[in-house]
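Below is one structure, written out as structure tokens; the observations come after it.
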Amino acid sequence: MRTAALPPVVAAVVAVAISGIRRLSPILLESPVALPSAETLSTYLVSARFTAFLLVYGVLFGTALLAGLRDGDASATSTALATGASATVAFLLGSVAVFWYLGPDRGPIVTAVFALGASLGVGIQFAVVAYAGVALGAQRGAGPSPIVP
């Protein structure tokens, strides 16, 4: 059994994107650009959340599924652990960049704990998605299962 290489890389890219998407409203409020109307801003924020959903459950799950289909020897567990670790680190780095841009509203310890907790949550979510994708791909790649009467 070995670790599929592509899902952790995709997870890192998606995690960096999601770290910005989750904090889009403070980014827009703190930026010097003129804000659109409240309805337009709401549309932007909902569209960003939907984009985050598509990135996680479309791109990441699809990549993990293809990794499981292509390589029957890929371990779902080790791939999930690597995916979760890369997503945690990438989300943490993206959050640090966003917090650096926004400036701390809270104390540095509270901000660090918040960023670390959110990063762990994203890492666990991505690990579960990757595990499901690789395991499903490995099961489908093995062929049809016999039907037990």
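Identifiers for the structure tokens are assigned positionally: chains receive A, B, ... in sequence, residues are indexed from 1 per chain, and ligands are indexed from 1 in the order shown.
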
What are the nearest atom pairs, with distances in Å to one decimal, for all residues of stretch 65-142 of chain A that come at most 10 Å from stretch 42-60 of chain A, using only C-alpha atoms, set out by chain and rising residue number as CSV?
```
residue,atom,partner,partner_atom,distance
A:Leu65,CA,A:Leu60,CA,8.5
A:Leu66,CA,A:Leu60,CA,9.9
A:Thr83,CA,A:Leu60,CA,9.6
A:Gln125,CA,A:Val56,CA,9.0
A:Phe126,CA,A:Val56,CA,7.4
A:Val129,CA,A:Tyr57,CA,7.3
A:Ala130,CA,A:Leu60,CA,7.0
A:Gly133,CA,A:Leu60,CA,8.4
```

Test item: residues at most 10 Å from A:Ala12, only C-alpha atoms, excluding those fewer than 2 positions along its chain, as a count of residues only | 22

What does the distance between atom CA of A:Gly20 and atom CA of A:Leu81 come to in Å, to one decimal place?
->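 Between these atoms lies a distance of 23.3 Å.
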
Within 9 Å of A:Ala67, counting only C-alpha atoms, which residues show up once you throw out same-chain ones fewer than 3 positions away? Write them as a PyMOL selection string, please.
-> chain A and resi 4-7+62-64+70-72+74+133-134+137-138

Could you state the separation of atom CA of A:Ala80 and atom CA of A:Val110 in Å, given to one decimal place?
-> 28.9 Å

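Nearest residue to A:Ser25, choosing from A:Ala118, A:Ala132, A:Val98, A:Ser78 and counting only C-alpha atoms: A:Val98.
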
Identify all residues of stretch 21-145 of chain A in alpha helix (DSSP H) (DSSP on the backbone) and supply them as a PyMOL selection string.
-> chain A and resi 21+24-30+38-54+61-70+76-102+108-141
